[in-house]
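Q: The structure is given below, and queries will be raised subsequently.
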Amino acid sequence: MIHRRHALGLLAAASILPSRSLANVSYQRSEFREDLAKRFFDLGTEGTFVGYKIDDYLIIASDKVRSGEGKLPASTFKIPNALIALETGVVQDPDNDVFKWDGTTRSIEAWNRDHTLRSALAVSAFPVFQEIARRIGEERMKKYLDIIDYGNRDIGGGIDQFWVSGNLRIDPVQQIDFLDRLRRGVLPVGKRSQQLVCDILPVTKVGDAVIRAKTGLTDKEHGSLGWLVGWAEKGGDVTVFAMNMDCKTQAQIDARMSVTQQCLTDIVAL
């Protein structure tokens with residue numbers, strides 16, 4: 001039996017990521033769409049979009065190069081960080097376990113208060129997830145990144161910053177692979193942990209569709225890279241996606257969701 005993850009890996013190897021040593025197969029389906037690449041050009045930047053239409057085993061990508069390049073995950077790592085927190089018991093209840101504000105006033109006002117895991121994810125509260133990572137610790141963090149096979153699994157650079165300025169890298173196809181397994185609850189960790197993370201992911205409604213997704217943004221020193229990763233649900237159809245682009249201006253930072261929605265509309269996922 002060919003499982004979805006196996007099929008996704010084969011698709012990536014055969015078309016988007018030819019450097020991966022997996023076999024080509026006759027049933028692989030992938031498309032490259034120049035109109036998707038134009039969405040980034042119109043914003044005055046460079047980026048990539050990859051969508052995985054799960055029922056069709058179909059990967060649609062804007063390009064053949066950037067779609068396979070590993071980048072710092074930035075705040076998209078809050079998804080596996082939350083998962084590992086729940087799995088290790090660092091967080092028992094995402095709505096009732098409270099992380100106290102440390103009293104340090106930061107530029108993002110929403111960070112300057114107590115948070116639960118759900119509220120911290122909603123406002124992408126970096127200090128909370130730094131504390132979560134410290135409580136998880138290097139040994140358990142490395143163990144679980146190996147278990148869930150997340151990106152290059154390299155946590156070098158500091159336990160509370162490796163995903164924003166350290167050695168961790170992940171490419172869009174790997175993001176989709178991880179998210180699809182999480183969404184279906186087939187990661188080799190507890191079902192409850194996976195279900196809770198899916199439940200606390202920020203939700204955006206677009207007409208009769210729902211997008212569950214997390215943003216990410218590195219600082220200027222690390223390339224001002226913007227991410228949006230997640231999945232779109234419309235009726236019974238699900239499309240898992242990953243977008244990243246260079247964000248040199250505030251307008252480009254603000255456009256992460258809108259350009260992703262445009263790409264999703266282009267591939268008839270919204």
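Note on naming: chains are A, B, ... as they come in the structure tokens, residues start from 1 per chain, ligands start from 1 in the order shown.
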If you count only C-alpha atoms, which residues fall within 8 Å of stretch 58-63 of chain A, apart from same-chain ones fewer than 2 positions away, as a PDB file with all heavy atoms, in the first residue's frame?
A:
```pdb
ATOM      1  N   LEU A  11       6.831  12.156  -5.057  1.00  0.00           N
ATOM      2  CA  LEU A  11       6.560  13.303  -5.908  1.00  0.00           C
ATOM      3  C   LEU A  11       7.669  14.332  -5.787  1.00  0.00           C
ATOM      4  O   LEU A  11       8.163  14.862  -6.778  1.00  0.00           O
ATOM      5  CB  LEU A  11       5.218  13.940  -5.514  1.00  0.00           C
ATOM      6  CG  LEU A  11       3.959  13.167  -5.880  1.00  0.00           C
ATOM      7  CD1 LEU A  11       2.750  13.827  -5.244  1.00  0.00           C
ATOM      8  CD2 LEU A  11       3.787  13.104  -7.385  1.00  0.00           C
ATOM      9  N   ILE A  16      10.151  18.049  -7.897  1.00  0.00           N
ATOM     10  CA  ILE A  16      10.542  19.307  -7.283  1.00  0.00           C
ATOM     11  C   ILE A  16      11.944  19.232  -6.726  1.00  0.00           C
ATOM     12  O   ILE A  16      12.722  20.168  -6.825  1.00  0.00           O
ATOM     13  CB  ILE A  16       9.528  19.699  -6.190  1.00  0.00           C
ATOM     14  CG1 ILE A  16       8.185  20.022  -6.847  1.00  0.00           C
ATOM     15  CG2 ILE A  16      10.010  20.891  -5.388  1.00  0.00           C
ATOM     16  CD1 ILE A  16       7.093  20.368  -5.871  1.00  0.00           C
ATOM     17  N   GLN A  28       3.348   9.520 -10.393  1.00  0.00           N
ATOM     18  CA  GLN A  28       3.616  10.812  -9.780  1.00  0.00           C
ATOM     19  C   GLN A  28       2.987  11.927 -10.617  1.00  0.00           C
ATOM     20  O   GLN A  28       2.992  11.891 -11.835  1.00  0.00           O
ATOM     21  CB  GLN A  28       5.124  11.023  -9.612  1.00  0.00           C
ATOM     22  CG  GLN A  28       5.904  11.208 -10.894  1.00  0.00           C
ATOM     23  CD  GLN A  28       6.121  12.665 -11.244  1.00  0.00           C
ATOM     24  OE1 GLN A  28       5.820  13.538 -10.448  1.00  0.00           O
ATOM     25  NE2 GLN A  28       6.618  12.915 -12.424  1.00  0.00           N
ATOM     26  N   ARG A  29       2.423  12.929  -9.919  1.00  0.00           N
ATOM     27  CA  ARG A  29       1.810  14.064 -10.606  1.00  0.00           C
ATOM     28  C   ARG A  29       2.327  15.344  -9.989  1.00  0.00           C
ATOM     29  O   ARG A  29       2.285  15.512  -8.769  1.00  0.00           O
ATOM     30  CB  ARG A  29       0.285  14.016 -10.476  1.00  0.00           C
ATOM     31  CG  ARG A  29      -0.363  12.798 -11.125  1.00  0.00           C
ATOM     32  CD  ARG A  29      -1.882  12.927 -11.037  1.00  0.00           C
ATOM     33  NE  ARG A  29      -2.335  14.117 -11.740  1.00  0.00           N
ATOM     34  CZ  ARG A  29      -3.433  14.817 -11.407  1.00  0.00           C
ATOM     35  NH1 ARG A  29      -4.133  14.460 -10.352  1.00  0.00           N
ATOM     36  NH2 ARG A  29      -3.800  15.869 -12.102  1.00  0.00           N
ATOM     37  N   SER A  30       2.828  16.217 -10.813  1.00  0.00           N
ATOM     38  CA  SER A  30       3.274  17.516 -10.325  1.00  0.00           C
ATOM     39  C   SER A  30       3.152  18.526 -11.455  1.00  0.00           C
ATOM     40  O   SER A  30       3.183  18.173 -12.636  1.00  0.00           O
ATOM     41  CB  SER A  30       4.713  17.455  -9.815  1.00  0.00           C
ATOM     42  OG  SER A  30       5.579  17.052 -10.860  1.00  0.00           O
ATOM     43  N   GLU A  31       2.993  19.771 -11.061  1.00  0.00           N
ATOM     44  CA  GLU A  31       2.876  20.857 -12.027  1.00  0.00           C
ATOM     45  C   GLU A  31       3.702  22.039 -11.547  1.00  0.00           C
ATOM     46  O   GLU A  31       3.806  22.286 -10.343  1.00  0.00           O
ATOM     47  CB  GLU A  31       1.416  21.313 -12.176  1.00  0.00           C
ATOM     48  CG  GLU A  31       0.459  20.284 -12.720  1.00  0.00           C
ATOM     49  CD  GLU A  31      -0.968  20.806 -12.764  1.00  0.00           C
ATOM     50  OE1 GLU A  31      -1.166  22.008 -12.451  1.00  0.00           O
ATOM     51  OE2 GLU A  31      -1.876  20.027 -13.096  1.00  0.00           O
ATOM     52  N   PHE A  32       4.282  22.770 -12.497  1.00  0.00           N
ATOM     53  CA  PHE A  32       4.937  24.029 -12.191  1.00  0.00           C
ATOM     54  C   PHE A  32       4.157  25.128 -12.887  1.00  0.00           C
ATOM     55  O   PHE A  32       3.882  25.035 -14.085  1.00  0.00           O
ATOM     56  CB  PHE A  32       6.396  24.007 -12.641  1.00  0.00           C
ATOM     57  CG  PHE A  32       7.218  23.002 -11.896  1.00  0.00           C
ATOM     58  CD1 PHE A  32       7.434  21.738 -12.411  1.00  0.00           C
ATOM     59  CD2 PHE A  32       7.736  23.310 -10.650  1.00  0.00           C
ATOM     60  CE1 PHE A  32       8.166  20.796 -11.722  1.00  0.00           C
ATOM     61  CE2 PHE A  32       8.472  22.377  -9.944  1.00  0.00           C
ATOM     62  CZ  PHE A  32       8.691  21.116 -10.475  1.00  0.00           C
ATOM     63  N   ARG A  33       3.809  26.160 -12.143  1.00  0.00           N
ATOM     64  CA  ARG A  33       2.915  27.193 -12.655  1.00  0.00           C
ATOM     65  C   ARG A  33       3.589  28.554 -12.586  1.00  0.00           C
ATOM     66  O   ARG A  33       3.823  29.095 -11.509  1.00  0.00           O
ATOM     67  CB  ARG A  33       1.634  27.199 -11.820  1.00  0.00           C
ATOM     68  CG  ARG A  33       0.804  25.910 -11.911  1.00  0.00           C
ATOM     69  CD  ARG A  33      -0.249  26.024 -12.992  1.00  0.00           C
ATOM     70  NE  ARG A  33      -1.149  27.115 -12.699  1.00  0.00           N
ATOM     71  CZ  ARG A  33      -2.299  26.980 -12.001  1.00  0.00           C
ATOM     72  NH1 ARG A  33      -2.671  25.786 -11.554  1.00  0.00           N
ATOM     73  NH2 ARG A  33      -3.074  28.013 -11.771  1.00  0.00           N
ATOM     74  N   GLU A  34       3.879  29.125 -13.764  1.00  0.00           N
ATOM     75  CA  GLU A  34       4.526  30.427 -13.816  1.00  0.00           C
ATOM     76  C   GLU A  34       3.627  31.537 -13.285  1.00  0.00           C
ATOM     77  O   GLU A  34       4.107  32.555 -12.786  1.00  0.00           O
ATOM     78  CB  GLU A  34       4.958  30.738 -15.248  1.00  0.00           C
ATOM     79  CG  GLU A  34       6.105  29.860 -15.747  1.00  0.00           C
ATOM     80  CD  GLU A  34       6.578  30.264 -17.122  1.00  0.00           C
ATOM     81  OE1 GLU A  34       6.009  31.239 -17.685  1.00  0.00           O
ATOM     82  OE2 GLU A  34       7.507  29.625 -17.644  1.00  0.00           O
ATOM     83  N   ASP A  35       2.302  31.349 -13.390  1.00  0.00           N
ATOM     84  CA  ASP A  35       1.403  32.378 -12.881  1.00  0.00           C
ATOM     85  C   ASP A  35       1.528  32.526 -11.368  1.00  0.00           C
ATOM     86  O   ASP A  35       1.298  33.605 -10.811  1.00  0.00           O
ATOM     87  CB  ASP A  35      -0.044  32.080 -13.273  1.00  0.00           C
ATOM     88  CG  ASP A  35      -0.532  30.724 -12.778  1.00  0.00           C
ATOM     89  OD1 ASP A  35       0.261  29.770 -12.779  1.00  0.00           O
ATOM     90  OD2 ASP A  35      -1.720  30.619 -12.410  1.00  0.00           O
ATOM     91  N   LEU A  36       1.915  31.446 -10.680  1.00  0.00           N
ATOM     92  CA  LEU A  36       2.140  31.536  -9.242  1.00  0.00           C
ATOM     93  C   LEU A  36       3.391  32.365  -8.945  1.00  0.00           C
ATOM     94  O   LEU A  36       3.400  33.186  -8.024  1.00  0.00           O
ATOM     95  CB  LEU A  36       2.285  30.142  -8.635  1.00  0.00           C
ATOM     96  CG  LEU A  36       1.076  29.211  -8.766  1.00  0.00           C
ATOM     97  CD1 LEU A  36       1.421  27.832  -8.224  1.00  0.00           C
ATOM     98  CD2 LEU A  36      -0.132  29.788  -8.025  1.00  0.00           C
ATOM     99  N   ALA A  37       4.442  32.159  -9.717  1.00  0.00           N
ATOM    100  CA  ALA A  37       5.667  32.934  -9.536  1.00  0.00           C
ATOM    101  C   ALA A  37       5.422  34.418  -9.763  1.00  0.00           C
ATOM    102  O   ALA A  37       6.039  35.279  -9.107  1.00  0.00           O
ATOM    103  CB  ALA A  37       6.754  32.424 -10.481  1.00  0.00           C
ATOM    104  N   THR A  48       8.331  31.565  -3.133  1.00  0.00           N
ATOM    105  CA  THR A  48       7.889  30.289  -3.673  1.00  0.00           C
ATOM    106  C   THR A  48       6.597  29.860  -2.995  1.00  0.00           C
ATOM    107  O   THR A  48       6.352  30.182  -1.827  1.00  0.00           O
ATOM    108  CB  THR A  48       8.970  29.199  -3.494  1.00  0.00           C
ATOM    109  OG1 THR A  48       8.578  28.012  -4.182  1.00  0.00           O
ATOM    110  CG2 THR A  48       9.200  28.863  -2.021  1.00  0.00           C
ATOM    111  N   PHE A  49       5.787  29.161  -3.738  1.00  0.00           N
ATOM    112  CA  PHE A  49       4.550  28.586  -3.209  1.00  0.00           C
ATOM    113  C   PHE A  49       4.464  27.138  -3.670  1.00  0.00           C
ATOM    114  O   PHE A  49       4.703  26.835  -4.838  1.00  0.00           O
ATOM    115  CB  PHE A  49       3.319  29.345  -3.719  1.00  0.00           C
ATOM    116  CG  PHE A  49       2.014  28.687  -3.346  1.00  0.00           C
ATOM    117  CD1 PHE A  49       1.394  28.958  -2.135  1.00  0.00           C
ATOM    118  CD2 PHE A  49       1.407  27.774  -4.202  1.00  0.00           C
ATOM    119  CE1 PHE A  49       0.206  28.336  -1.773  1.00  0.00           C
ATOM    120  CE2 PHE A  49       0.213  27.145  -3.862  1.00  0.00           C
ATOM    121  CZ  PHE A  49      -0.379  27.425  -2.642  1.00  0.00           C
ATOM    122  N   VAL A  50       4.145  26.259  -2.725  1.00  0.00           N
ATOM    123  CA  VAL A  50       3.910  24.859  -3.050  1.00  0.00           C
ATOM    124  C   VAL A  50       2.592  24.435  -2.415  1.00  0.00           C
ATOM    125  O   VAL A  50       2.376  24.657  -1.220  1.00  0.00           O
ATOM    126  CB  VAL A  50       5.046  23.943  -2.540  1.00  0.00           C
ATOM    127  CG1 VAL A  50       4.801  22.502  -2.979  1.00  0.00           C
ATOM    128  CG2 VAL A  50       6.400  24.423  -3.042  1.00  0.00           C
ATOM    129  N   GLY A  51       1.720  23.868  -3.203  1.00  0.00           N
ATOM    130  CA  GLY A  51       0.461  23.340  -2.695  1.00  0.00           C
ATOM    131  C   GLY A  51       0.357  21.853  -2.978  1.00  0.00           C
ATOM    132  O   GLY A  51       0.777  21.385  -4.040  1.00  0.00           O
ATOM    133  N   TYR A  52      -0.191  21.116  -2.014  1.00  0.00           N
ATOM    134  CA  TYR A  52      -0.361  19.668  -2.158  1.00  0.00           C
ATOM    135  C   TYR A  52      -1.843  19.347  -2.061  1.00  0.00           C
ATOM    136  O   TYR A  52      -2.438  19.420  -0.992  1.00  0.00           O
ATOM    137  CB  TYR A  52       0.428  18.944  -1.075  1.00  0.00           C
ATOM    138  CG  TYR A  52       0.263  17.433  -1.070  1.00  0.00           C
ATOM    139  CD1 TYR A  52       0.256  16.692  -2.244  1.00  0.00           C
ATOM    140  CD2 TYR A  52       0.147  16.739   0.140  1.00  0.00           C
ATOM    141  CE1 TYR A  52       0.123  15.315  -2.230  1.00  0.00           C
ATOM    142  CE2 TYR A  52       0.010  15.358   0.167  1.00  0.00           C
ATOM    143  CZ  TYR A  52      -0.005  14.650  -1.021  1.00  0.00           C
ATOM    144  OH  TYR A  52      -0.147  13.280  -0.992  1.00  0.00           O
ATOM    145  N   LYS A  53      -2.456  19.038  -3.205  1.00  0.00           N
ATOM    146  CA  LYS A  53      -3.875  18.679  -3.244  1.00  0.00           C
ATOM    147  C   LYS A  53      -3.970  17.190  -2.919  1.00  0.00           C
ATOM    148  O   LYS A  53      -3.702  16.329  -3.761  1.00  0.00           O
ATOM    149  CB  LYS A  53      -4.466  19.023  -4.607  1.00  0.00           C
ATOM    150  CG  LYS A  53      -4.216  20.475  -5.010  1.00  0.00           C
ATOM    151  CD  LYS A  53      -5.041  20.920  -6.195  1.00  0.00           C
ATOM    152  CE  LYS A  53      -6.403  21.371  -5.723  1.00  0.00           C
ATOM    153  NZ  LYS A  53      -7.169  22.062  -6.789  1.00  0.00           N
ATOM    154  N   ILE A  54      -4.352  16.918  -1.684  1.00  0.00           N
ATOM    155  CA  ILE A  54      -4.124  15.578  -1.150  1.00  0.00           C
ATOM    156  C   ILE A  54      -4.948  14.506  -1.854  1.00  0.00           C
ATOM    157  O   ILE A  54      -4.473  13.379  -2.037  1.00  0.00           O
ATOM    158  CB  ILE A  54      -4.368  15.539   0.370  1.00  0.00           C
ATOM    159  CG1 ILE A  54      -5.831  15.841   0.695  1.00  0.00           C
ATOM    160  CG2 ILE A  54      -3.441  16.477   1.094  1.00  0.00           C
ATOM    161  CD1 ILE A  54      -6.194  15.532   2.129  1.00  0.00           C
ATOM    162  N   ASP A  55      -6.164  14.813  -2.236  1.00  0.00           N
ATOM    163  CA  ASP A  55      -6.997  13.776  -2.857  1.00  0.00           C
ATOM    164  C   ASP A  55      -6.499  13.387  -4.238  1.00  0.00           C
ATOM    165  O   ASP A  55      -6.780  12.292  -4.733  1.00  0.00           O
ATOM    166  CB  ASP A  55      -8.453  14.232  -2.936  1.00  0.00           C
ATOM    167  CG  ASP A  55      -9.129  14.248  -1.568  1.00  0.00           C
ATOM    168  OD1 ASP A  55      -8.655  13.514  -0.679  1.00  0.00           O
ATOM    169  OD2 ASP A  55     -10.101  14.992  -1.388  1.00  0.00           O
ATOM    170  N   ASP A  56      -5.754  14.287  -4.858  1.00  0.00           N
ATOM    171  CA  ASP A  56      -5.235  14.037  -6.202  1.00  0.00           C
ATOM    172  C   ASP A  56      -3.774  13.605  -6.203  1.00  0.00           C
ATOM    173  O   ASP A  56      -3.221  13.356  -7.273  1.00  0.00           O
ATOM    174  CB  ASP A  56      -5.373  15.294  -7.062  1.00  0.00           C
ATOM    175  CG  ASP A  56      -6.805  15.747  -7.216  1.00  0.00           C
ATOM    176  OD1 ASP A  56      -7.692  14.866  -7.253  1.00  0.00           O
ATOM    177  OD2 ASP A  56      -7.054  16.968  -7.277  1.00  0.00           O
ATOM    178  N   VAL A  65      13.332  25.513  -8.078  1.00  0.00           N
ATOM    179  CA  VAL A  65      14.556  25.730  -7.304  1.00  0.00           C
ATOM    180  C   VAL A  65      14.249  26.099  -5.857  1.00  0.00           C
ATOM    181  O   VAL A  65      14.533  25.341  -4.929  1.00  0.00           O
ATOM    182  CB  VAL A  65      15.437  26.816  -7.961  1.00  0.00           C
ATOM    183  CG1 VAL A  65      16.681  27.073  -7.121  1.00  0.00           C
ATOM    184  CG2 VAL A  65      15.830  26.390  -9.368  1.00  0.00           C
ATOM    185  N   ARG A  66      13.638  27.254  -5.655  1.00  0.00           N
ATOM    186  CA  ARG A  66      13.403  27.727  -4.291  1.00  0.00           C
ATOM    187  C   ARG A  66      12.465  26.798  -3.518  1.00  0.00           C
ATOM    188  O   ARG A  66      12.571  26.692  -2.298  1.00  0.00           O
ATOM    189  CB  ARG A  66      12.851  29.153  -4.320  1.00  0.00           C
ATOM    190  CG  ARG A  66      12.682  29.765  -2.937  1.00  0.00           C
ATOM    191  CD  ARG A  66      12.528  31.267  -3.023  1.00  0.00           C
ATOM    192  NE  ARG A  66      12.223  31.831  -1.723  1.00  0.00           N
ATOM    193  CZ  ARG A  66      12.584  33.042  -1.321  1.00  0.00           C
ATOM    194  NH1 ARG A  66      13.275  33.827  -2.143  1.00  0.00           N
ATOM    195  NH2 ARG A  66      12.259  33.481  -0.127  1.00  0.00           N
ATOM    196  N   SER A  67      11.588  26.116  -4.211  1.00  0.00           N
ATOM    197  CA  SER A  67      10.659  25.202  -3.544  1.00  0.00           C
ATOM    198  C   SER A  67      11.389  24.063  -2.839  1.00  0.00           C
ATOM    199  O   SER A  67      10.817  23.395  -1.975  1.00  0.00           O
ATOM    200  CB  SER A  67       9.668  24.628  -4.555  1.00  0.00           C
ATOM    201  OG  SER A  67      10.349  23.946  -5.592  1.00  0.00           O
ATOM    202  N   ILE A 267      -4.897  27.881  -7.811  1.00  0.00           N
ATOM    203  CA  ILE A 267      -4.886  26.409  -7.991  1.00  0.00           C
ATOM    204  C   ILE A 267      -6.247  25.794  -7.600  1.00  0.00           C
ATOM    205  O   ILE A 267      -6.363  24.599  -7.414  1.00  0.00           O
ATOM    206  CB  ILE A 267      -3.745  25.745  -7.195  1.00  0.00           C
ATOM    207  CG1 ILE A 267      -3.942  25.885  -5.695  1.00  0.00           C
ATOM    208  CG2 ILE A 267      -2.399  26.319  -7.644  1.00  0.00           C
ATOM    209  CD1 ILE A 267      -2.958  25.061  -4.879  1.00  0.00           C
TER     210      ILE A 267
END
```
Q: From a DSSP calculation on the backbone, collect every residue of stretch 76-113 of chain A in helix (DSSP H, G or I) and output the set as a list in words.
A: Thr76, Phe77, Lys78, Ile79, Pro80, Asn81, Ala82, Leu83, Ile84, Ala85, Leu86, Glu87, Thr88, Glu109, Ala110 and Trp111 of chain A
Q: Produce a file of the selected residues containing N, CA and C atoms, as a PDB file, in the first residue's frame.
A:
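That gives us again_5.pdb:
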```pdb
ATOM      1  N   THR A  76       7.141  29.459  12.130  1.00  0.00           N
ATOM      2  CA  THR A  76       6.402  28.252  11.747  1.00  0.00           C
ATOM      3  C   THR A  76       6.834  27.077  12.626  1.00  0.00           C
ATOM      4  N   PHE A  77       8.019  27.200  13.267  1.00  0.00           N
ATOM      5  CA  PHE A  77       8.470  26.153  14.179  1.00  0.00           C
ATOM      6  C   PHE A  77       7.622  26.095  15.450  1.00  0.00           C
ATOM      7  N   LYS A  78       6.838  27.116  15.706  1.00  0.00           N
ATOM      8  CA  LYS A  78       5.955  27.070  16.874  1.00  0.00           C
ATOM      9  C   LYS A  78       4.964  25.907  16.778  1.00  0.00           C
ATOM     10  N   ILE A  79       4.707  25.416  15.571  1.00  0.00           N
ATOM     11  CA  ILE A  79       3.803  24.263  15.431  1.00  0.00           C
ATOM     12  C   ILE A  79       4.444  23.016  16.029  1.00  0.00           C
ATOM     13  N   PRO A  80       5.636  22.580  15.566  1.00  0.00           N
ATOM     14  CA  PRO A  80       6.248  21.421  16.217  1.00  0.00           C
ATOM     15  C   PRO A  80       6.651  21.697  17.661  1.00  0.00           C
ATOM     16  N   ASN A  81       7.007  22.942  17.986  1.00  0.00           N
ATOM     17  CA  ASN A  81       7.359  23.271  19.365  1.00  0.00           C
ATOM     18  C   ASN A  81       6.158  23.022  20.291  1.00  0.00           C
ATOM     19  N   ALA A  82       4.977  23.447  19.855  1.00  0.00           N
ATOM     20  CA  ALA A  82       3.765  23.199  20.636  1.00  0.00           C
ATOM     21  C   ALA A  82       3.473  21.710  20.742  1.00  0.00           C
ATOM     22  N   LEU A  83       3.656  20.999  19.640  1.00  0.00           N
ATOM     23  CA  LEU A  83       3.417  19.560  19.632  1.00  0.00           C
ATOM     24  C   LEU A  83       4.327  18.850  20.638  1.00  0.00           C
ATOM     25  N   ILE A  84       5.598  19.197  20.626  1.00  0.00           N
ATOM     26  CA  ILE A  84       6.553  18.554  21.523  1.00  0.00           C
ATOM     27  C   ILE A  84       6.267  18.940  22.972  1.00  0.00           C
ATOM     28  N   ALA A  85       5.836  20.182  23.192  1.00  0.00           N
ATOM     29  CA  ALA A  85       5.470  20.607  24.543  1.00  0.00           C
ATOM     30  C   ALA A  85       4.337  19.752  25.103  1.00  0.00           C
ATOM     31  N   LEU A  86       3.342  19.487  24.284  1.00  0.00           N
ATOM     32  CA  LEU A  86       2.214  18.659  24.713  1.00  0.00           C
ATOM     33  C   LEU A  86       2.636  17.208  24.892  1.00  0.00           C
ATOM     34  N   GLU A  87       3.469  16.730  24.006  1.00  0.00           N
ATOM     35  CA  GLU A  87       3.873  15.326  24.054  1.00  0.00           C
ATOM     36  C   GLU A  87       4.760  15.032  25.272  1.00  0.00           C
ATOM     37  N   THR A  88       5.561  16.003  25.664  1.00  0.00           N
ATOM     38  CA  THR A  88       6.464  15.798  26.803  1.00  0.00           C
ATOM     39  C   THR A  88       5.837  16.168  28.139  1.00  0.00           C
ATOM     40  N   GLU A 109       3.017  44.561  21.714  1.00  0.00           N
ATOM     41  CA  GLU A 109       2.258  44.717  22.947  1.00  0.00           C
ATOM     42  C   GLU A 109       1.577  43.421  23.378  1.00  0.00           C
ATOM     43  N   ALA A 110       1.127  42.619  22.409  1.00  0.00           N
ATOM     44  CA  ALA A 110       0.405  41.381  22.742  1.00  0.00           C
ATOM     45  C   ALA A 110       1.279  40.372  23.471  1.00  0.00           C
ATOM     46  N   TRP A 111       2.583  40.555  23.430  1.00  0.00           N
ATOM     47  CA  TRP A 111       3.488  39.642  24.129  1.00  0.00           C
ATOM     48  C   TRP A 111       3.624  39.996  25.615  1.00  0.00           C
TER      49      TRP A 111
END
```
Q: Which of these residues is nearest to A:Asp146, using only C-alpha atoms: A:Gly230, A:Pro188, A:Gly70, A:Pro94?
A: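 Among the listed residues, the smallest separation from A:Asp146 belongs to A:Pro188.
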Q: Pick out the closest residue to A:Val206 from this set: A:Ser124, A:Thr105, A:Ser258, A:Ser119. Count only C-alpha atoms.
A: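 Checking each of A:Ser124, A:Thr105, A:Ser258, A:Ser119 against A:Val206, counting only C-alpha atoms, the winner is A:Ser258.
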Q: Taking only C-alpha atoms into account, which of A:Ala74, A:Ile211, A:Val98, A:Leu117 comes nearest A:Leu196?
A: A:Leu117
Q: Could you check which of A:Leu264, A:Val186, A:Ile253, A:Ile148 is closest to A:Ser224, using only C-alpha atoms?
A: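 Closest candidate: A:Ile253.
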Q: Quick one: contact table of stretch 60-154 of chain A to stretch 162-168 of chain A, 8 Å max, nearest atom pair and distance in Å to one decimal per residue, counting only C-alpha atoms, chain and number order, as CSV?
A:
```
residue,atom,partner,partner_atom,distance
A:Lys71,CA,A:Leu168,CA,7.8
A:Leu72,CA,A:Leu168,CA,5.9
A:Pro73,CA,A:Trp163,CA,5.9
A:Ala74,CA,A:Val164,CA,4.6
A:Ser75,CA,A:Val164,CA,7.5
A:Phe77,CA,A:Trp163,CA,6.6
A:Gly151,CA,A:Leu168,CA,7.2
A:Asn152,CA,A:Leu168,CA,6.2
A:Arg153,CA,A:Leu168,CA,6.4
A:Asp154,CA,A:Leu168,CA,4.9
```
Q: May I have all residues of stretch 22-248 of chain A that DSSP, computed from the backbone, assigns to strand (DSSP E or B), given as number ranges by chain?
A: A: 29-32, 47-53, 58-61, 71, 99, 115, 170, 203-206, 209-217, 225-234, 237-246
Q: Which residue out of A:Gly68, A:Gly47, A:Gly157, A:Gly235 has the minimum interatomic distance to A:Gln174 when only C-alpha atoms are used?
A: A:Gly68
Q: Within 10 Å of A:Gly137, counting only C-alpha atoms, which residues show up once you throw out same-chain ones fewer than 5 positions away? Write them as a PDB file with N, CA, C and O atoms, in the first residue's frame, please.
A:
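Output (result21.pdb):
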```pdb
ATOM      1  N   GLU A 131      10.675  29.952  26.235  1.00  0.00           N
ATOM      2  CA  GLU A 131      10.589  29.297  27.529  1.00  0.00           C
ATOM      3  C   GLU A 131      10.144  27.842  27.381  1.00  0.00           C
ATOM      4  O   GLU A 131      10.666  26.944  28.063  1.00  0.00           O
ATOM      5  N   ILE A 132       9.209  27.588  26.483  1.00  0.00           N
ATOM      6  CA  ILE A 132       8.777  26.212  26.216  1.00  0.00           C
ATOM      7  C   ILE A 132       9.961  25.369  25.750  1.00  0.00           C
ATOM      8  O   ILE A 132      10.167  24.243  26.224  1.00  0.00           O
ATOM      9  N   LYS A 142      15.851  17.347  20.473  1.00  0.00           N
ATOM     10  CA  LYS A 142      16.514  16.610  19.392  1.00  0.00           C
ATOM     11  C   LYS A 142      15.826  15.270  19.157  1.00  0.00           C
ATOM     12  O   LYS A 142      15.587  14.868  18.001  1.00  0.00           O
ATOM     13  N   ILE A 159      19.187  26.464  22.403  1.00  0.00           N
ATOM     14  CA  ILE A 159      17.902  25.791  22.549  1.00  0.00           C
ATOM     15  C   ILE A 159      16.726  26.750  22.415  1.00  0.00           C
ATOM     16  O   ILE A 159      15.640  26.333  22.025  1.00  0.00           O
ATOM     17  N   ASP A 160      16.933  28.029  22.712  1.00  0.00           N
ATOM     18  CA  ASP A 160      15.801  28.959  22.641  1.00  0.00           C
ATOM     19  C   ASP A 160      15.842  29.884  21.428  1.00  0.00           C
ATOM     20  O   ASP A 160      15.130  30.873  21.357  1.00  0.00           O
TER      21      ASP A 160
END
```
Q: Excluding A:Gly223 and residues on its chain fewer than 5 positions from it, collect all residues at most 9 Å away from it, counting only C-alpha atoms, and give them as a list in words.
A: Thr218, Asp246, Cys247 and Lys248 of chain A
Q: For the residues in the current selection, export N, CA and C atoms as a short mmCIF file (atom, residue, chain, number, x, y, z; two decimals), in the first residue's frame.
A:
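Final file, again39.cif:
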```cif
data_model
loop_
_atom_site.label_atom_id
_atom_site.label_comp_id
_atom_site.auth_asym_id
_atom_site.auth_seq_id
_atom_site.Cartn_x
_atom_site.Cartn_y
_atom_site.Cartn_z
N THR A 218 11.86 35.88 9.74
CA THR A 218 13.20 36.05 10.31
C THR A 218 13.55 37.54 10.33
N ASP A 246 10.89 36.69 0.31
CA ASP A 246 11.73 37.72 0.89
C ASP A 246 10.86 38.92 1.25
N CYS A 247 10.96 39.38 2.48
CA CYS A 247 10.11 40.47 2.97
C CYS A 247 10.99 41.65 3.38
N LYS A 248 11.29 42.50 2.43
CA LYS A 248 12.16 43.64 2.69
C LYS A 248 11.38 44.87 3.16
#
```
Q: For A:Thr204, which residue out of A:Leu270, A:Arg192, A:Leu217, A:Arg181 is the nearest one, using only C-alpha atoms?
A: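 Checking each of A:Leu270, A:Arg192, A:Leu217, A:Arg181 against A:Thr204, counting only C-alpha atoms, the winner is A:Leu270.
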Q: Quick one: residues within 9 Å of A:Cys198, only C-alpha atoms counted, chain neighbours fewer than 6 positions away excluded, as a list in words?
A: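 So the residues in contact are Ile79, Leu182, Arg183 and Arg212 of chain A.
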Q: Can you spit out the residues from that selection as a short mmCIF file (atom, residue, chain, number, x, y, z; two decimals), in the first residue's frame, using C-alpha atoms?
A:
```
data_model
loop_
_atom_site.label_atom_id
_atom_site.label_comp_id
_atom_site.auth_asym_id
_atom_site.auth_seq_id
_atom_site.Cartn_x
_atom_site.Cartn_y
_atom_site.Cartn_z
CA ILE A 79 3.80 24.26 15.43
CA LEU A 182 0.03 16.31 11.64
CA ARG A 183 -3.33 17.08 10.06
CA ARG A 212 -5.44 26.92 9.31
#
```
